[in-house]
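Colleague: Structure supplied as start_30.cif; contents: mmCIF, N, CA and C atoms.
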```
data_input
#
loop_
_atom_site.label_atom_id
_atom_site.label_comp_id
_atom_site.auth_asym_id
_atom_site.auth_seq_id
_atom_site.Cartn_x
_atom_site.Cartn_y
_atom_site.Cartn_z
N MET N 1 -39.28 138.79 21.43
CA MET N 1 -38.39 139.65 22.18
C MET N 1 -37.91 138.88 23.41
N SER N 2 -36.63 138.87 23.64
CA SER N 2 -36.06 138.10 24.74
C SER N 2 -36.30 138.79 26.08
N THR N 3 -36.17 138.02 27.15
CA THR N 3 -36.33 138.55 28.50
C THR N 3 -35.35 139.69 28.76
N GLY N 4 -34.10 139.51 28.35
CA GLY N 4 -33.10 140.55 28.54
C GLY N 4 -33.44 141.83 27.80
N THR N 5 -33.99 141.70 26.60
CA THR N 5 -34.38 142.85 25.80
C THR N 5 -35.52 143.60 26.48
N ARG N 6 -36.50 142.84 26.97
CA ARG N 6 -37.65 143.46 27.65
C ARG N 6 -37.20 144.16 28.93
N ARG N 7 -36.28 143.52 29.68
CA ARG N 7 -35.81 144.17 30.92
C ARG N 7 -35.09 145.47 30.60
N LYS N 8 -34.27 145.46 29.56
CA LYS N 8 -33.55 146.68 29.17
C LYS N 8 -34.56 147.77 28.79
N SER N 9 -35.61 147.40 28.09
CA SER N 9 -36.67 148.36 27.74
C SER N 9 -37.33 148.91 28.99
N ARG N 10 -37.63 148.03 29.94
CA ARG N 10 -38.27 148.48 31.19
C ARG N 10 -37.35 149.42 31.95
N GLU N 11 -36.07 149.09 31.99
CA GLU N 11 -35.11 149.97 32.68
C GLU N 11 -35.08 151.34 32.03
N MET N 12 -35.05 151.36 30.70
CA MET N 12 -35.01 152.65 29.99
C MET N 12 -36.30 153.44 30.20
N ALA N 13 -37.44 152.76 30.19
CA ALA N 13 -38.71 153.45 30.43
C ALA N 13 -38.73 154.03 31.84
N MET N 14 -38.22 153.28 32.83
CA MET N 14 -38.16 153.80 34.20
C MET N 14 -37.23 155.02 34.26
N GLN N 15 -36.12 154.96 33.55
CA GLN N 15 -35.19 156.09 33.53
C GLN N 15 -35.83 157.32 32.89
N MET N 16 -36.64 157.09 31.86
CA MET N 16 -37.35 158.20 31.22
C MET N 16 -38.36 158.82 32.20
N LEU N 17 -39.09 157.97 32.91
CA LEU N 17 -40.04 158.46 33.91
C LEU N 17 -39.32 159.25 35.00
N PHE N 18 -38.20 158.71 35.46
CA PHE N 18 -37.39 159.34 36.49
C PHE N 18 -36.90 160.72 36.01
N GLN N 19 -36.40 160.77 34.79
CA GLN N 19 -35.91 162.03 34.21
C GLN N 19 -37.02 163.07 34.18
N GLY N 20 -38.19 162.67 33.72
CA GLY N 20 -39.31 163.60 33.64
C GLY N 20 -39.79 164.04 35.01
N ASP N 21 -39.83 163.10 35.94
CA ASP N 21 -40.32 163.35 37.29
C ASP N 21 -39.39 164.29 38.05
N LEU N 22 -38.13 163.94 38.15
CA LEU N 22 -37.19 164.74 38.94
C LEU N 22 -36.76 166.01 38.21
N GLY N 23 -36.71 165.95 36.88
CA GLY N 23 -36.32 167.13 36.12
C GLY N 23 -37.48 168.03 35.78
N LYS N 24 -38.68 167.66 36.23
CA LYS N 24 -39.90 168.43 35.94
C LYS N 24 -40.02 168.71 34.45
N GLN N 25 -39.77 167.65 33.65
CA GLN N 25 -39.83 167.79 32.19
C GLN N 25 -41.12 167.17 31.66
N THR N 26 -41.60 167.72 30.57
CA THR N 26 -42.76 167.16 29.90
C THR N 26 -42.34 165.89 29.18
N PRO N 27 -43.31 165.02 28.84
CA PRO N 27 -42.96 163.83 28.06
C PRO N 27 -42.25 164.19 26.75
N GLU N 28 -42.63 165.30 26.14
CA GLU N 28 -42.00 165.72 24.89
C GLU N 28 -40.53 166.09 25.12
N GLN N 29 -40.24 166.80 26.22
CA GLN N 29 -38.86 167.16 26.53
C GLN N 29 -38.02 165.90 26.80
N VAL N 30 -38.59 164.97 27.54
CA VAL N 30 -37.87 163.72 27.83
C VAL N 30 -37.59 162.98 26.53
N ALA N 31 -38.61 162.84 25.69
CA ALA N 31 -38.46 162.10 24.43
C ALA N 31 -37.38 162.73 23.54
N LYS N 32 -37.28 164.06 23.60
CA LYS N 32 -36.30 164.75 22.76
C LYS N 32 -34.87 164.53 23.25
N THR N 33 -34.67 164.48 24.56
CA THR N 33 -33.30 164.42 25.10
C THR N 33 -32.83 163.03 25.49
N PHE N 34 -33.74 162.15 25.90
CA PHE N 34 -33.34 160.86 26.46
C PHE N 34 -32.54 160.01 25.48
N TRP N 35 -32.99 159.93 24.25
CA TRP N 35 -32.37 159.01 23.28
C TRP N 35 -31.10 159.56 22.64
N VAL N 36 -30.82 160.85 22.82
CA VAL N 36 -29.64 161.46 22.20
C VAL N 36 -28.36 160.72 22.63
N ALA N 37 -28.25 160.42 23.92
CA ALA N 37 -27.05 159.74 24.44
C ALA N 37 -27.11 158.24 24.23
N ARG N 38 -28.23 157.76 23.68
CA ARG N 38 -28.41 156.32 23.52
C ARG N 38 -28.73 155.95 22.08
N GLU N 39 -28.13 156.65 21.15
CA GLU N 39 -28.41 156.43 19.73
C GLU N 39 -28.11 155.01 19.28
N GLU N 40 -27.19 154.35 19.97
CA GLU N 40 -26.81 153.00 19.56
C GLU N 40 -27.80 151.94 20.07
N SER N 41 -28.81 152.35 20.82
CA SER N 41 -29.73 151.37 21.40
C SER N 41 -30.52 150.63 20.31
N ASP N 42 -30.74 149.37 20.58
CA ASP N 42 -31.46 148.47 19.70
C ASP N 42 -32.88 148.98 19.45
N ALA N 43 -33.35 148.90 18.22
CA ALA N 43 -34.68 149.42 17.85
C ALA N 43 -35.79 148.72 18.63
N GLU N 44 -35.63 147.42 18.86
CA GLU N 44 -36.64 146.66 19.60
C GLU N 44 -36.70 147.12 21.06
N VAL N 45 -35.54 147.31 21.67
CA VAL N 45 -35.46 147.81 23.05
C VAL N 45 -36.10 149.19 23.13
N ARG N 46 -35.71 150.03 22.20
CA ARG N 46 -36.22 151.39 22.17
C ARG N 46 -37.73 151.43 21.96
N GLY N 47 -38.24 150.61 21.07
CA GLY N 47 -39.66 150.60 20.77
C GLY N 47 -40.52 150.22 21.96
N PHE N 48 -40.15 149.15 22.66
CA PHE N 48 -40.92 148.72 23.83
C PHE N 48 -40.79 149.74 24.96
N ALA N 49 -39.59 150.32 25.14
CA ALA N 49 -39.39 151.35 26.16
C ALA N 49 -40.31 152.54 25.90
N GLN N 50 -40.38 152.97 24.65
CA GLN N 50 -41.22 154.11 24.30
C GLN N 50 -42.70 153.78 24.48
N ASP N 51 -43.10 152.54 24.16
CA ASP N 51 -44.49 152.12 24.36
C ASP N 51 -44.85 152.16 25.85
N LEU N 52 -43.97 151.61 26.70
CA LEU N 52 -44.21 151.63 28.15
C LEU N 52 -44.28 153.07 28.67
N TYR N 53 -43.34 153.88 28.24
CA TYR N 53 -43.29 155.27 28.67
C TYR N 53 -44.56 156.01 28.26
N ARG N 54 -45.01 155.77 27.05
CA ARG N 54 -46.22 156.43 26.54
C ARG N 54 -47.42 156.09 27.42
N VAL N 55 -47.61 154.80 27.72
CA VAL N 55 -48.74 154.39 28.58
C VAL N 55 -48.60 155.05 29.96
N ALA N 56 -47.39 155.04 30.51
CA ALA N 56 -47.17 155.60 31.85
C ALA N 56 -47.45 157.09 31.90
N THR N 57 -47.15 157.82 30.83
CA THR N 57 -47.37 159.26 30.85
C THR N 57 -48.81 159.62 30.48
N VAL N 58 -49.38 158.93 29.51
CA VAL N 58 -50.76 159.23 29.10
C VAL N 58 -51.74 158.89 30.23
N ARG N 59 -51.46 157.83 30.97
CA ARG N 59 -52.35 157.38 32.04
C ARG N 59 -51.80 157.71 33.43
N ALA N 60 -50.93 158.71 33.51
CA ALA N 60 -50.23 159.03 34.76
C ALA N 60 -51.17 159.29 35.93
N GLU N 61 -52.20 160.07 35.72
CA GLU N 61 -53.13 160.40 36.81
C GLU N 61 -53.83 159.13 37.31
N GLU N 62 -54.32 158.32 36.40
CA GLU N 62 -54.98 157.06 36.76
C GLU N 62 -54.02 156.14 37.52
N ILE N 63 -52.79 156.06 37.05
CA ILE N 63 -51.77 155.19 37.67
C ILE N 63 -51.50 155.65 39.10
N ASP N 64 -51.29 156.94 39.30
CA ASP N 64 -51.04 157.45 40.65
C ASP N 64 -52.23 157.21 41.57
N GLU N 65 -53.45 157.34 41.04
CA GLU N 65 -54.65 157.08 41.84
C GLU N 65 -54.76 155.60 42.23
N LEU N 66 -54.29 154.71 41.38
CA LEU N 66 -54.29 153.29 41.71
C LEU N 66 -53.23 152.96 42.77
N ILE N 67 -52.09 153.60 42.68
CA ILE N 67 -50.98 153.32 43.60
C ILE N 67 -51.26 153.85 45.01
N THR N 68 -51.76 155.08 45.09
CA THR N 68 -51.87 155.80 46.36
C THR N 68 -52.53 155.02 47.51
N PRO N 69 -53.66 154.34 47.31
CA PRO N 69 -54.28 153.64 48.44
C PRO N 69 -53.43 152.50 49.03
N HIS N 70 -52.44 152.06 48.29
CA HIS N 70 -51.61 150.93 48.74
C HIS N 70 -50.32 151.39 49.42
N LEU N 71 -50.15 152.67 49.57
CA LEU N 71 -48.94 153.22 50.20
C LEU N 71 -49.19 153.45 51.68
N VAL N 72 -49.02 152.44 52.47
CA VAL N 72 -49.24 152.55 53.91
C VAL N 72 -48.12 153.42 54.50
N ASN N 73 -48.52 154.48 55.17
CA ASN N 73 -47.59 155.42 55.83
C ASN N 73 -46.64 156.13 54.86
N TRP N 74 -47.01 156.23 53.60
CA TRP N 74 -46.19 156.95 52.62
C TRP N 74 -47.10 157.83 51.76
N ARG N 75 -46.54 158.90 51.25
CA ARG N 75 -47.21 159.69 50.23
C ARG N 75 -46.37 159.54 48.97
N LEU N 76 -47.01 159.40 47.84
CA LEU N 76 -46.31 159.15 46.58
C LEU N 76 -45.22 160.20 46.32
N GLU N 77 -45.55 161.46 46.56
CA GLU N 77 -44.58 162.52 46.27
C GLU N 77 -43.40 162.53 47.24
N ARG N 78 -43.50 161.85 48.36
CA ARG N 78 -42.42 161.79 49.35
C ARG N 78 -41.54 160.55 49.21
N MET N 79 -41.95 159.63 48.36
CA MET N 79 -41.18 158.41 48.15
C MET N 79 -39.89 158.72 47.38
N PRO N 80 -38.88 157.85 47.51
CA PRO N 80 -37.70 158.01 46.65
C PRO N 80 -38.13 157.96 45.18
N GLY N 81 -37.50 158.79 44.36
CA GLY N 81 -37.88 158.90 42.95
C GLY N 81 -37.81 157.59 42.19
N VAL N 82 -36.80 156.78 42.45
CA VAL N 82 -36.70 155.50 41.75
C VAL N 82 -37.89 154.62 42.12
N ASP N 83 -38.20 154.52 43.40
CA ASP N 83 -39.30 153.66 43.84
C ASP N 83 -40.62 154.12 43.22
N ARG N 84 -40.87 155.41 43.25
CA ARG N 84 -42.11 155.96 42.68
C ARG N 84 -42.24 155.60 41.20
N ASN N 85 -41.14 155.71 40.48
CA ASN N 85 -41.21 155.46 39.04
C ASN N 85 -41.16 153.99 38.68
N VAL N 86 -40.59 153.15 39.52
CA VAL N 86 -40.69 151.70 39.33
C VAL N 86 -42.16 151.29 39.48
N LEU N 87 -42.83 151.82 40.49
CA LEU N 87 -44.26 151.53 40.67
C LEU N 87 -45.07 152.01 39.47
N ARG N 88 -44.82 153.22 39.03
CA ARG N 88 -45.57 153.76 37.88
C ARG N 88 -45.35 152.92 36.63
N LEU N 89 -44.12 152.51 36.42
CA LEU N 89 -43.82 151.69 35.25
C LEU N 89 -44.55 150.35 35.31
N ALA N 90 -44.49 149.69 36.46
CA ALA N 90 -45.14 148.37 36.60
C ALA N 90 -46.65 148.49 36.40
N VAL N 91 -47.26 149.50 36.99
CA VAL N 91 -48.71 149.67 36.84
C VAL N 91 -49.06 150.01 35.40
N ALA N 92 -48.24 150.80 34.74
CA ALA N 92 -48.48 151.11 33.33
C ALA N 92 -48.46 149.83 32.50
N GLU N 93 -47.51 148.94 32.80
CA GLU N 93 -47.46 147.69 32.04
C GLU N 93 -48.66 146.81 32.35
N MET N 94 -49.09 146.79 33.62
CA MET N 94 -50.29 146.01 33.98
C MET N 94 -51.51 146.51 33.23
N LEU N 95 -51.63 147.82 33.10
CA LEU N 95 -52.80 148.41 32.43
C LEU N 95 -52.71 148.34 30.92
N GLY N 96 -51.53 148.54 30.37
CA GLY N 96 -51.40 148.71 28.93
C GLY N 96 -50.97 147.49 28.15
N PHE N 97 -50.48 146.47 28.84
CA PHE N 97 -49.95 145.29 28.15
C PHE N 97 -50.56 144.04 28.77
N LYS N 98 -51.82 143.82 28.45
CA LYS N 98 -52.60 142.74 29.08
C LYS N 98 -52.02 141.35 28.85
N GLY N 99 -51.18 141.19 27.84
CA GLY N 99 -50.63 139.88 27.54
C GLY N 99 -49.51 139.45 28.48
N THR N 100 -48.98 140.38 29.28
CA THR N 100 -47.90 140.03 30.19
C THR N 100 -48.49 139.71 31.55
N PRO N 101 -48.26 138.50 32.06
CA PRO N 101 -48.81 138.13 33.38
C PRO N 101 -48.28 139.05 34.49
N PHE N 102 -49.15 139.39 35.43
CA PHE N 102 -48.78 140.27 36.53
C PHE N 102 -47.56 139.78 37.31
N PRO N 103 -47.44 138.47 37.60
CA PRO N 103 -46.24 138.03 38.35
C PRO N 103 -44.94 138.35 37.61
N ILE N 104 -44.95 138.29 36.30
CA ILE N 104 -43.75 138.63 35.52
C ILE N 104 -43.47 140.13 35.63
N ILE N 105 -44.51 140.94 35.51
CA ILE N 105 -44.35 142.39 35.62
C ILE N 105 -43.78 142.75 37.00
N ILE N 106 -44.34 142.14 38.04
CA ILE N 106 -43.87 142.41 39.41
C ILE N 106 -42.42 141.98 39.57
N ASN N 107 -42.10 140.80 39.11
CA ASN N 107 -40.72 140.30 39.22
C ASN N 107 -39.74 141.22 38.49
N GLU N 108 -40.10 141.66 37.31
CA GLU N 108 -39.24 142.56 36.54
C GLU N 108 -39.06 143.89 37.28
N ALA N 109 -40.14 144.41 37.84
CA ALA N 109 -40.05 145.67 38.59
C ALA N 109 -39.12 145.51 39.78
N LEU N 110 -39.20 144.37 40.47
CA LEU N 110 -38.34 144.14 41.63
C LEU N 110 -36.88 143.99 41.22
N GLU N 111 -36.64 143.38 40.07
CA GLU N 111 -35.26 143.26 39.58
C GLU N 111 -34.68 144.65 39.26
N ILE N 112 -35.50 145.51 38.68
CA ILE N 112 -35.05 146.87 38.40
C ILE N 112 -34.79 147.60 39.73
N ALA N 113 -35.69 147.42 40.70
CA ALA N 113 -35.50 148.05 42.01
C ALA N 113 -34.22 147.55 42.68
N ARG N 114 -33.92 146.26 42.55
CA ARG N 114 -32.68 145.73 43.14
C ARG N 114 -31.46 146.42 42.55
N ARG N 115 -31.56 146.81 41.30
CA ARG N 115 -30.42 147.43 40.62
C ARG N 115 -30.31 148.93 40.92
N TYR N 116 -31.45 149.61 41.03
CA TYR N 116 -31.43 151.07 41.10
C TYR N 116 -31.86 151.66 42.44
N SER N 117 -32.43 150.85 43.31
CA SER N 117 -33.01 151.39 44.54
C SER N 117 -32.31 150.83 45.77
N ALA N 118 -32.74 151.28 46.92
CA ALA N 118 -32.19 150.80 48.20
C ALA N 118 -32.71 149.39 48.48
N PRO N 119 -31.90 148.54 49.11
CA PRO N 119 -32.32 147.15 49.38
C PRO N 119 -33.65 147.05 50.13
N GLU N 120 -33.87 147.95 51.08
CA GLU N 120 -35.11 147.88 51.86
C GLU N 120 -36.35 148.25 51.05
N SER N 121 -36.16 148.86 49.89
CA SER N 121 -37.30 149.24 49.05
C SER N 121 -37.95 148.04 48.37
N VAL N 122 -37.17 147.01 48.13
CA VAL N 122 -37.66 145.88 47.33
C VAL N 122 -38.88 145.22 47.97
N SER N 123 -38.83 144.92 49.26
CA SER N 123 -39.98 144.26 49.89
C SER N 123 -41.19 145.19 49.96
N PHE N 124 -40.95 146.49 50.17
CA PHE N 124 -42.04 147.46 50.17
C PHE N 124 -42.73 147.51 48.80
N LEU N 125 -41.92 147.61 47.74
CA LEU N 125 -42.46 147.65 46.38
C LEU N 125 -43.21 146.36 46.06
N ASN N 126 -42.67 145.24 46.50
CA ASN N 126 -43.33 143.95 46.27
C ASN N 126 -44.73 143.95 46.91
N GLY N 127 -44.83 144.43 48.14
CA GLY N 127 -46.12 144.48 48.82
C GLY N 127 -47.12 145.36 48.11
N VAL N 128 -46.67 146.54 47.69
CA VAL N 128 -47.55 147.47 46.99
C VAL N 128 -48.02 146.87 45.66
N LEU N 129 -47.09 146.34 44.89
CA LEU N 129 -47.45 145.79 43.58
C LEU N 129 -48.32 144.55 43.69
N ASP N 130 -48.06 143.71 44.69
CA ASP N 130 -48.88 142.52 44.89
C ASP N 130 -50.32 142.91 45.22
N ALA N 131 -50.49 143.86 46.13
CA ALA N 131 -51.84 144.32 46.50
C ALA N 131 -52.54 144.97 45.31
N LEU N 132 -51.80 145.76 44.56
CA LEU N 132 -52.35 146.42 43.39
C LEU N 132 -52.77 145.42 42.32
N ALA N 133 -51.94 144.41 42.10
CA ALA N 133 -52.26 143.38 41.10
C ALA N 133 -53.54 142.65 41.49
N LYS N 134 -53.68 142.34 42.77
CA LYS N 134 -54.90 141.66 43.23
C LYS N 134 -56.14 142.53 42.99
N GLU N 135 -56.01 143.83 43.21
CA GLU N 135 -57.11 144.75 42.96
C GLU N 135 -57.45 144.79 41.47
N LEU N 136 -56.44 144.85 40.61
CA LEU N 136 -56.69 144.90 39.17
C LEU N 136 -57.30 143.61 38.64
N VAL N 137 -56.89 142.47 39.20
CA VAL N 137 -57.46 141.19 38.78
C VAL N 137 -58.96 141.16 39.06
N LYS N 138 -59.37 141.73 40.16
CA LYS N 138 -60.81 141.77 40.52
C LYS N 138 -61.61 142.60 39.52
N ARG N 139 -60.96 143.59 38.91
CA ARG N 139 -61.65 144.47 37.95
C ARG N 139 -61.82 143.83 36.58
N ILE N 140 -60.97 142.86 36.28
CA ILE N 140 -60.96 142.28 34.93
C ILE N 140 -62.14 141.35 34.73
#
```
What does the file become when written as structure tokens?
Modeller:
Amino acid sequence: MSTGTRRKSREMAMQMLFQGDLGKQTPEQVAKTFWVAREESDAEVRGFAQDLYRVATVRAEEIDELITPHLVNWRLERMPGVDRNVLRLAVAEMLGFKGTPFPIIINEALEIARRYSAPESVSFLNGVLDALAKELVKRI
């Protein structure tokens, strides 16, 4: 799978998380509606996006508990929705896809943030993900 394909999958998984989060939809509701407008999407892109989304939703509580201690002066529920879901997506990939090096996951998350979030969010997200990655490396 190419880098571009994986990034597209990550973007779609983040959009699915965002849809569920802001729309207060269950994973089942998101899965039913998200792909309707994207029927032409590549099967490989779709497959990895769904895998990422599944890990992020099944392990949502654990992911939020891992993120929260690294949010200096922020509460997860008060963060911008894109930032919150970029973090959730990156942590889901760190937990569920052990073959992908953490620096790549962090870089991809920051690229998505550059596209969908405010410019000042990128350095904040980088700090949170870097600290989180260091914590997870200690556990391995």
Colleague: List every protein, DNA or RNA residue with an atom no more than 6 Å from (-40.5, 148.5, 37.6) in the file's coordinates, counting only C-alpha atoms, and format the result as a PyMOL selection string.
Modeller: chain N and resi 86-87+89-90+109+112
Colleague: List every residue of chain N that DSSP, applied to the backbone, labels as helix (DSSP H, G or I), and write the result as number ranges by chain.
Modeller: N: 3-22, 27-38, 43-58, 60-70, 76-78, 81-96, 102-116, 119-139
Colleague: Find the residue from N:Ala37, N:Ala13, N:Ala56, N:Val137 that sits nearest to Glu93 (chain N); use only N, CA and C atoms when measuring.
Modeller: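 Closest residue, counting only N, CA and C atoms: N:Ala56.
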Colleague: Select, from N:Arg46, N:His70, N:Arg114, N:Arg88, the residue with the minimum atom-to-atom distance to Leu132 (chain N), counting all atoms listed in the file.
Modeller: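 Closest to Leu132 (chain N) of all the choices is N:His70.
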Colleague: Between CA of Thr33 (chain N) and CA of Leu52 (chain N), measure the distance and give it in Å to one decimal.
Modeller: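 Atom-to-atom, CA of Thr33 (chain N) and CA of Leu52 (chain N) are spaced 17.1 Å apart.
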Colleague: Can you measure atom N of Thr26 (chain N) to atom N of Leu129 (chain N) for me? One decimal in Å is fine.
Modeller: 26.3 Å
Colleague: Take atom N of Val45 (chain N) and atom N of Ser9 (chain N) and report the distance between them in Å, one decimal.
Modeller: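 According to the coordinates, atom N of Val45 (chain N) and atom N of Ser9 (chain N) are separated by 6.4 Å.
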Colleague: Can you pull out the residues contacting region 78-84 of chain N? Cut-off 6.5 Å, using all atoms listed in the file, and skip same-chain residues under 6 positions away; I want them as a PyMOL selection string.
Modeller: chain N and resi 18+116-117
Colleague: Give the answer as one residue: which of N:Trp74, N:Phe48, N:Tyr53, N:Phe124 has the shortest atom-to-atom distance to Pro27 (chain N), using all atoms listed in the file?
Modeller: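 For Pro27 (chain N), the nearest of the given residues is N:Tyr53.
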Colleague: Using only N, CA and C atoms, which of N:Val58, N:Ile106, N:Val91, N:Leu22 sits nearest Asn126 (chain N)?
Modeller: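 So, comparing all the options, the nearest one is N:Ile106.
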Colleague: What are the centre and edge lengths in Å, to one decimal, of the axis-aligned box around all listed atoms of region 68-72 of chain N with 8 Å added on each side, as AutoDock Vina command-line options?
Modeller:
```
--center_x -51.2 --center_y 153.4 --center_z 49.8 --size_x 22.2 --size_y 20.9 --size_z 25.4
```
